[in-house]
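So the structure is just underneath, and the comments pick up after that.
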Number of protein chains: 2
Amino acid sequence: MKFEVTILGSSSATPIYNRNPSAQALNINEKLYLIDCGEGTQQQMLKFDVRASRIEHIFISHLHGDHYLGLVGLLSSLHLNGRKKPLTLYCPELLKEIIDIQLKSSETELQYAVEYRFTDVGKAEVILENQDITVETIPLDHGIGCTGFLFREKKRLRKLIKEKIDEFNVPVQYYPALKKGADYVAPDGRVFENETLTIDSATPKSYVYCSDTLCNEKYFDQISNATLLYHEATFLNNMLERANETHHTTALQAGQIALKTHAKRLLIGHFSARYKTLNELLDEARSVFPDTELAVEGKIFAIE
Amino acid sequence: MKFEVTILGSSSATPIYNRNPSAQALNINEKLYLIDCGEGTQQQMLKFDVRASRIEHIFISHLHGDHYLGLVGLLSSLHLNGRKKPLTLYCPELLKEIIDIQLKSSETELQYAVEYRFTDVGKAEVILENQDITVETIPLDHGIGCTGFLFREKKRLRKLIKEKIDEFNVPVQYYPALKKGADYVAPDGRVFENETLTIDSATPKSYVYCSDTLCNEKYFDQISNATLLYHEATFLNNMLERANETHHTTALQAGQIALKTHAKRLLIGHFSARYKTLNELLDEARSVFPDTELAVEGKIFAIE
């Protein structure tokens with residue numbers, strides 16, 4: 001199953017040429033999920049060949065402009081381009097009001113339905129479940145209400161061990177039950193334990209998106225063992241005080257979080273415009289967590 | 001006096017790679033005026049070296065997203081970058097509500113004052129006058145309330161004819177009155193008519209911005225004799241019916257409007273995303289008004 005993320009924006013609130021505010025497109029089994037939608041996300045999708053028409057779910061972490069100001073433009077363009085399929089928005093409740101007043105002002109009645117699922121910063125909860133994944137909110141610590149998102153593959157069925165199935169002549173109608181973990185009782189009464197006939201499927205992979213947040217242990221348990229952890233790293237650690245004031249994380253802290261929560265791999269992003277180049281941020285995170293990459297525009301990372 | 005316009009966006013509502021929605025920066029005597037502010041305008045300003053901090057007046061023609069969705073991001077960035085100088089917004093009244101709810105949602109209290117001057121689509125009126133210019137609204141015809149803007153230089157003082165001034169020994173304290181058109185009465189009682197001592201200053205130059213509109217004679221008188229006329233030209237004339245339905249203008253019509261209203265020069269813009277190249281639109285406008293240019297991203301046009 002395809003499970004990969006395309007980075008559409010890597011910058012924080014103030015603009016910088018050649019970087020865009022937060023947005024990422026997740027492709028999970030050829031379905032597209034958009035996470036955050038900063039100003040210019042539409043253009044970034046055109047640039048990096050992410051087809052907006054295929055998006056069915058949009059997740060907005062919080063209501064700082066660099067995380068959602070591209071949304072009304074995107075919704076309008078989908079409408080103008082003839083979309084009929086519904087779209088679900090997972091976001092803070094106030095965003096609906098922001099969208100509604102703008103659609104009203106432009107006398108636009110969308111040709112497709114927008115369904116809302118409001119996030120609650122008070123608790124982690126599953127906000128989406130389909131045949132491929134579950135998505136949970138991650139309550140973060142950012143001054144204004146902000147949630148990250150945890151995308152986790154569904155646990156797959158167990159796999160039959162072909163040689164054993166053949167050896168014990170298991171009839172085909174038992175396969176579905178075996179895959180779900182049942183034992184096999186043969187016509188002569190012998191019981192074959194499931195573990196002798198099947199093996200467990202791979203551990204479900206997960207993508208964790210921690211947008212703007214102070215480094216705070218409260219969410220560490222929830223994000224542990226991420227296959228790929230995206231964590232904001234707005235500042236270098238020599239600006240720790242500023243990071244604390246503004247409820248952001250430093251690159252060093254992002255590395256430490258990846259280490260503590262046993263992430264397999266780390267992406268850092270949401271870089272302050274003061275950093276014209278990003279090598280120092282990368283080096284700092286890698287000093288504690290070597291398997292770190294920069295989440296920069298156009299890069300695609302497989303979650304594997 | 002410098003009087004030039006930098007084009008920041010040339011596209012209409014649906015996005016197209018390499019073109020941006022409407023925005024233009026006018027530099028008049030080293031003061032910056034922003035006209036419309038589509039999504040991504042901040043990035044365009046960085047790209048084309050237009051210093052956002054110098055903008056004092058922003059004019060928004062109407063509330064279709066491709067003309068204003070970059071505004072909240074710009075206002076926030078000015079705040080984050082420490083702006084203290086007030087800013088005046090000339091716009092439809094509902095825009096204030098749209099801005100306020102977004103500032104409230106992000107818990108942002110701007111460090112500078114935003115003053116509003118609401119436009120009235122029912123009548124043309126002077127909305128700004130300073131030592132350099134006057135700005136008038138131009139009520140357009142676009143389905144939803146929409147005004148263009150007419151920027152006109154102030155009439156300059158008359159110029160002294162040095163030889164005559166010397167010949168008739170006009171004392172220096174009379175110069176200011178002469179420049180304003182007064183006659184000179186010499187100590188011996190002789191009267192020198194102003195016309196013998198001064199010449200008229202150049203005709204004031206004007207820049208006319210006609211954003212989205214149906215081609216409609218109602219605004220032709222007001223925009224006549226423009227030094228530089230910007231007029232939208234969303235479609236080729238073979239899509240006239242579509243232009244009429246959507247309250248837009250074709251390139252041919254834009255040329256005809258320039259001709260009828262005696263513009264000195266024409267810029268066309270607001271091109272539909274269906275046109276990957278723009279030559280046909282240019283050729284069509286030039287077929288009736290040869291002195292036409294494409295208002296494309298990064299181009300600077302002197303108003304002279």
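The chains in the structure tokens are called A, B, ... from first to last as shown; in each chain the residues are counted from 1, and the ligands are counted from 1 in the order shown.
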
Show me, as a ChimeraX atom specification, the residues of chain B whose atoms get within 9 Å of chain A, using only C-alpha atoms for the distance check. /B:13-20,39-40,42-44,46-47,62-66,69-70,72-74,76-78,80-81,94-95,97-98,101-103,105-108,144

Please, which residues of region 77-210 of chain A, numbered as in this document, come out helix (DSSP H, G or I) from DSSP, as a PyMOL selection string? chain A and resi 77-80+94-105+162-167+172-179+194-197

Close residues, Ser272 (chain B) itself excluded, 12 Å, only C-alpha atoms, min 5 positions apart in chain, as JSON, numbers by chain: {"A": [80], "B": [10, 11, 12, 13, 14, 15, 16, 19, 20, 21, 22, 66, 212, 232, 233, 234, 235, 236, 239, 242, 243, 246, 248, 249, 250, 251, 277, 278, 281]}

Picked from region 11-41 of chain A by DSSP as strand (DSSP E), as a ChimeraX atom specification: /A:23-28,31-37

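For the choices A:Arg156, A:Lys162, A:His247, A:Arg274, the atom-to-atom distance to Asp200 (chain A) is smallest for A:Arg156 when using only C-alpha atoms.
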
From B:Gln256, B:Tyr33, B:Lys264, B:Gly181, residue lying nearest Glu195 (chain B) [only C-alpha atoms]: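 Among B:Gln256, B:Tyr33, B:Lys264, B:Gly181, it is B:Gly181 that comes nearest to Glu195 (chain B).
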
Distance in Å - CA of Thr292 (chain A) versus CA of Leu228 (chain A):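 Those two atoms sit 9.8 Å apart.
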
Show me, as a VMD selection string, the residues that have an atom within 10 Å of Glu217 (chain B) when counting only C-alpha atoms, minus same-chain residues fewer than 6 positions from it. chain B and resid 140 to 141 257 260 to 261

Contact residues around region 133-139 of chain B with only C-alpha atoms at 8 Å, ignoring same-chain residues under 3 positions, as a list in words: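 Listing them by chain and then by number gives Thr119, Asp120, Val121, Gly122, Lys123, Ala124, Glu125, Val126, Ile127, Leu128, Glu129, Asn130, Cys146, Thr147, Gly148, Phe149, Leu150, Phe151, Arg152, Glu153, Lys154, Cys210, Tyr219 and Gln222 of chain B.
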
Identify, on the basis of only C-alpha atoms, every residue whose closest approach to Ala202 (chain B) does not exceed 10 Å; exclude the query and any residue fewer than 5 positions from it along the same chain; express the result as number ranges by chain. B: 155-159

Write the residues of the preceding selection, restricted to N, CA and C atoms, as a PDB file, in the first residue's frame.
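Dumped to again-v8.pdb:
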```pdb
ATOM      1  N   LYS B 155      -2.741  68.342 -10.324  1.00  0.00           N
ATOM      2  CA  LYS B 155      -2.288  69.347 -11.292  1.00  0.00           C
ATOM      3  C   LYS B 155      -1.115  70.097 -10.667  1.00  0.00           C
ATOM      4  N   ARG B 156      -0.018  70.215 -11.388  1.00  0.00           N
ATOM      5  CA  ARG B 156       1.177  70.912 -10.873  1.00  0.00           C
ATOM      6  C   ARG B 156       1.031  72.426 -11.080  1.00  0.00           C
ATOM      7  N   LEU B 157       1.850  73.166 -10.377  1.00  0.00           N
ATOM      8  CA  LEU B 157       1.868  74.636 -10.537  1.00  0.00           C
ATOM      9  C   LEU B 157       2.373  75.010 -11.917  1.00  0.00           C
ATOM     10  N   ARG B 158       2.018  76.195 -12.374  1.00  0.00           N
ATOM     11  CA  ARG B 158       2.520  76.704 -13.652  1.00  0.00           C
ATOM     12  C   ARG B 158       4.018  76.945 -13.541  1.00  0.00           C
ATOM     13  N   LYS B 159       4.701  76.928 -14.695  1.00  0.00           N
ATOM     14  CA  LYS B 159       6.159  77.115 -14.680  1.00  0.00           C
ATOM     15  C   LYS B 159       6.533  78.518 -15.139  1.00  0.00           C
TER      16      LYS B 159
END
```
